[in-house]
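Asker: Next up is a structure, given as structure tokens.
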Amino acid sequence: MKHMDQNNTFQKYSTYKDSGVEGLGDIPAHWTITKLRNIGVFSASGIDKYLKKNETEVKIINFTDVYANKAMILDSSFDFMVVTTPESNRLKHLVNKGDLIFLPSSETYDDLGSAAVVNETLENTSFSYHVIRMIFLIDICHSYRKYLTNNKFVANQFSRQGKGTTRKIIGRSVFKNIQVLLPPLPEQARIAHLLDQKTAQIDQAIAQKERLIELLKERKQILIHNAVTRGLDPNVKMKDSGVEWIGEVPEHWEIKRAKFLFNEIDDRSNTGDEELLSVSHLTGVTPRSEKNVTMFQAEDYTGSKLCKKGDLVFNIMWAWMGAIGVSDRTGIVSPSYAIYRQKAPDTFNTWFLELLLTDSNYIDHYNRVSTGLHSSRLRFYSNMFFDMKIGFPPRDEQEKVVSFLRSATQKIDIAINFKQSEIEKLKEYKATLINSAVTGKIKV
């Protein structure tokens, strides 16, 4: 960020006064601090007086889409749905240019209370679920409105007021009493102009680094795919595997049905005291204690399936997404999971096995053969697994593949982590810059 101003290059205002607010400190002497109820009114329900039920088409946007890219604006660039038979519950939150639309509930405190300014006239536009709309009663610079509440000072107030366990919620009474800072109108325009410029530069830098991360991830997947499906020797003689979705494999590789390689294990826990494990497409087999799980957990895990170190575990419902892994410890899993153990313990290197069975060719196969009425409810049962053919090299070659991939992917992971760290620093800089400008810590 050498090309961007650091906070210490900005000037300070000539005079400050005590804000009287804990944690805020001094503010410019000519600024005012007030509550949202003094500058606007809130609307959360009721059919717009200009619309008649069942006579007007209404454009609907899922409010979370506004925050997916942290745009802080709502305009026609978002993908609206058109509801041709509007019902009263779809007409609750019709908006006009200049309104602020707040998110009153979220799974995290980070998004709680986030606001988007309506940037243009969006005729007959509403939302797909509960929001809080603020209509301004006083003149506030349009471009400044999105920064008025989207800053650390206000976010901290929302965090303190949020209630709920699995989902944080704030009511309209909280919004009314949120404190904000108001510079004079000319300063609002200058602050908004600066922040629009700087945040656009930061967002562009973030987008470039995110694209680099995606390219690195693609490179990593290509390396893994080629290594586990074709080996390391580019000149090796190939043969037809006899399986369309596997394609060609090195001539000396074996092709066997899973039923000749694995036994299904259905051992059960007598106490349920073993470590609880879960299986996901992102992390493989992972201790539940290491995951941020908000879903219901059982009081008693007696009767759960037991798996041992080296066992292959399938999440039957999510195999089509790649929710498969080899456990690195003894533990218990859901009775609805499938556990398989190698018939000959030395057939597979366990890391090679996991990489192979989560390769895109195999995941595509799980999708094709899984059964279910809906894509999110597909099941990959044991008979499907046992009927599946697997192409694999001798154990010593697996070890070479694993050694190569550990080294190669580690370098890529380091590069990804470095870029992610840079992105976090950019996001922190962006948040600090916005907060410093809207609380008067720097003069614009």
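Chain identifiers are assigned as A, B, and so on, following the order in which chains appear in the structure tokens; residues are numbered from 1 within each chain, and ligands are numbered from 1 in order of appearance.
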If we count only C-alpha atoms and set the cut-off at 10 Å, which residues sit around Lys237 in chain A, ignoring sequence neighbours fewer than 4 positions away in its own chain? Please answer as a list of chain:residue names.
Answerer: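 So the residues in contact are A:Asp233, A:Glu248, A:Val249, A:Pro250, A:Glu251, A:His252.
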Asker: Any idea what's packed within 12 Å of Tyr340 in chain A, counting only C-alpha atoms, ignoring anything in its chain fewer than 6 positions away? Could you give it as a JSON list (two decimals) with C-alpha atoms, in the first residue's frame?
Answerer:
```
[["chain", "number", "residue", "atom", "x", "y", "z"],
["A", 258, "ALA", "CA", -13.46, -51.09, -3.98],
["A", 259, "LYS", "CA", -15.09, -54.27, -2.66],
["A", 260, "PHE", "CA", -11.79, -56.10, -3.17],
["A", 261, "LEU", "CA", -9.84, -53.38, -1.36],
["A", 262, "PHE", "CA", -12.01, -52.40, 1.62],
["A", 263, "ASN", "CA", -14.25, -53.80, 4.31],
["A", 264, "GLU", "CA", -17.12, -51.78, 5.73],
["A", 265, "ILE", "CA", -16.80, -51.26, 9.49],
["A", 266, "ASP", "CA", -19.79, -50.89, 11.77],
["A", 267, "ASP", "CA", -18.28, -50.93, 15.25],
["A", 305, "LYS", "CA", -19.83, -45.43, 14.85],
["A", 306, "LEU", "CA", -16.24, -46.03, 15.91],
["A", 307, "CYS", "CA", -13.43, -45.31, 13.50],
["A", 308, "LYS", "CA", -9.72, -45.91, 13.94],
["A", 309, "LYS", "CA", -6.66, -44.15, 12.65],
["A", 310, "GLY", "CA", -6.35, -44.87, 8.93],
["A", 311, "ASP", "CA", -10.04, -45.60, 8.36],
["A", 312, "LEU", "CA", -11.72, -44.09, 5.33],
["A", 313, "VAL", "CA", -14.86, -42.13, 6.26],
["A", 314, "PHE", "CA", -17.62, -41.07, 3.88],
["A", 315, "ASN", "CA", -20.27, -38.51, 4.73],
["A", 324, "ILE", "CA", -14.56, -37.79, 2.39],
["A", 325, "GLY", "CA", -11.42, -38.28, 4.42],
["A", 326, "VAL", "CA", -9.03, -40.62, 6.16],
["A", 327, "SER", "CA", -9.04, -40.28, 9.93],
["A", 353, "LEU", "CA", -5.94, -42.41, -0.77],
["A", 381, "TYR", "CA", -24.29, -45.66, -0.32],
["A", 382, "SER", "CA", -21.87, -48.49, 0.42],
["A", 385, "PHE", "CA", -18.71, -47.45, -3.28],
["A", 386, "PHE", "CA", -17.99, -51.18, -3.44]]
```
Asker: Report as a PyMOL selection string: the residues of range 216-401 of chain A with a DSSP assignment of helix (DSSP H, G or I), based on the backbone of this structure.
Answerer: chain A and resi 216-230+258-260+288-290+319-321+350-357+360-369+375-377+382-387+395-401
Asker: So that I can see what lies close to range 396-402 of chain A, please list as a short mmCIF file (atom, residue, chain, number, x, y, z; two decimals) with C-alpha atoms, in the first residue's frame the residues with an atom at most 8 Å from it, counting only C-alpha atoms and leaving out residues fewer than 5 positions away in the same chain.
Answerer:
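Result went into around-v6.cif, see below:
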```cif
data_model
loop_
_atom_site.label_atom_id
_atom_site.label_comp_id
_atom_site.auth_asym_id
_atom_site.auth_seq_id
_atom_site.Cartn_x
_atom_site.Cartn_y
_atom_site.Cartn_z
CA ALA A 227 -0.06 -36.79 -9.68
CA VAL A 228 -2.80 -39.04 -8.27
CA GLY A 231 1.80 -40.39 -11.57
CA LEU A 232 4.98 -38.32 -11.75
CA PHE A 348 -2.66 -47.39 0.26
CA ASN A 349 -0.75 -44.52 1.72
CA TRP A 351 -2.88 -39.34 2.35
CA PHE A 352 -2.64 -40.58 -1.23
#
```
Asker: What is the distance between CA of Asp75 in chain A and CA of Glu187 in chain A, in Å to one decimal?
Answerer: 24.8 Å
Asker: List as JSON, numbers by chain the protein and nucleic acid residues near Val444 in chain A, meaning an atom at most 8 Å away when only C-alpha atoms are counted, but skip any in the same chain fewer than 4 places from it.
Answerer: {"A": [10, 11, 187, 190, 191, 194, 437]}
Asker: Residues of range 315-353 of chain A in strand (DSSP E or B) according to DSSP, as a count of residues only?
Answerer: 11
Asker: Applying 10 Å and only C-alpha atoms, which residues near Thr34 in chain A remain after dropping the ones on its own chain fewer than 4 positions away? List them as a VMD selection string.
Answerer: chain A and resid 38 to 39 177 to 182
Asker: I'd like the contact shell of Phe42 in chain A - 10 Å cut-off, only C-alpha atoms, skipping same-chain residues fewer than 2 positions apart - returned as a count of residues only.
Answerer: 17
Asker: Pick out the residues sitting within 10 Å of Lys209 in chain A, and hand them over as a list in words; count only C-alpha atoms, and ignore anything fewer than 2 positions along from it in its own chain.
Answerer: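 Listed by chain and then number, they are Asp203, Gln204, Ala205, Ile206, Ala207, Arg211, Leu212, Ile213, Glu214, Leu215, Ile416, Phe418, Lys419, Gln420, Glu422 and Ile423 of chain A.
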Asker: What would the file look like if the residues just selected were written as a short mmCIF file (atom, residue, chain, number, x, y, z; two decimals), in the first residue's frame with N, CA and C atoms?
Answerer:
```cif
data_model
loop_
_atom_site.label_atom_id
_atom_site.label_comp_id
_atom_site.auth_asym_id
_atom_site.auth_seq_id
_atom_site.Cartn_x
_atom_site.Cartn_y
_atom_site.Cartn_z
N ASP A 203 -10.11 -1.99 -2.64
CA ASP A 203 -10.92 -3.11 -3.14
C ASP A 203 -10.32 -3.71 -4.41
N GLN A 204 -9.76 -2.85 -5.26
CA GLN A 204 -9.13 -3.35 -6.48
C GLN A 204 -7.89 -4.17 -6.15
N ALA A 205 -7.10 -3.69 -5.17
CA ALA A 205 -5.92 -4.44 -4.75
C ALA A 205 -6.31 -5.78 -4.13
N ILE A 206 -7.39 -5.78 -3.34
CA ILE A 206 -7.88 -7.02 -2.74
C ILE A 206 -8.34 -7.99 -3.82
N ALA A 207 -9.09 -7.48 -4.80
CA ALA A 207 -9.60 -8.33 -5.88
C ALA A 207 -8.45 -8.97 -6.66
N ARG A 211 -7.75 -12.96 -6.88
CA ARG A 211 -7.60 -13.68 -8.14
C ARG A 211 -6.33 -14.50 -8.16
N LEU A 212 -5.24 -13.95 -7.61
CA LEU A 212 -3.99 -14.70 -7.51
C LEU A 212 -4.16 -15.95 -6.65
N ILE A 213 -4.93 -15.80 -5.57
CA ILE A 213 -5.19 -16.95 -4.70
C ILE A 213 -5.95 -18.02 -5.46
N GLU A 214 -6.95 -17.61 -6.24
CA GLU A 214 -7.71 -18.59 -7.03
C GLU A 214 -6.82 -19.31 -8.03
N LEU A 215 -5.91 -18.57 -8.65
CA LEU A 215 -4.99 -19.18 -9.61
C LEU A 215 -4.05 -20.16 -8.91
N ILE A 416 -0.30 -18.83 -0.78
CA ILE A 416 -1.70 -18.49 -0.54
C ILE A 416 -1.86 -17.78 0.79
N PHE A 418 0.34 -16.11 2.41
CA PHE A 418 0.94 -14.79 2.34
C PHE A 418 -0.02 -13.80 1.70
N LYS A 419 -0.67 -14.20 0.61
CA LYS A 419 -1.63 -13.33 -0.06
C LYS A 419 -2.85 -13.07 0.83
N GLN A 420 -3.28 -14.10 1.56
CA GLN A 420 -4.42 -13.91 2.46
C GLN A 420 -4.07 -12.94 3.58
N GLU A 422 -1.94 -10.51 3.31
CA GLU A 422 -1.94 -9.18 2.68
C GLU A 422 -3.36 -8.65 2.55
N ILE A 423 -4.30 -9.53 2.20
CA ILE A 423 -5.69 -9.12 2.08
C ILE A 423 -6.24 -8.67 3.42
#
```
Asker: Closest to Glu22 in chain A among A:Leu103, A:Gln201, A:Phe153, A:Val118, using only C-alpha atoms?
Answerer: A:Phe153
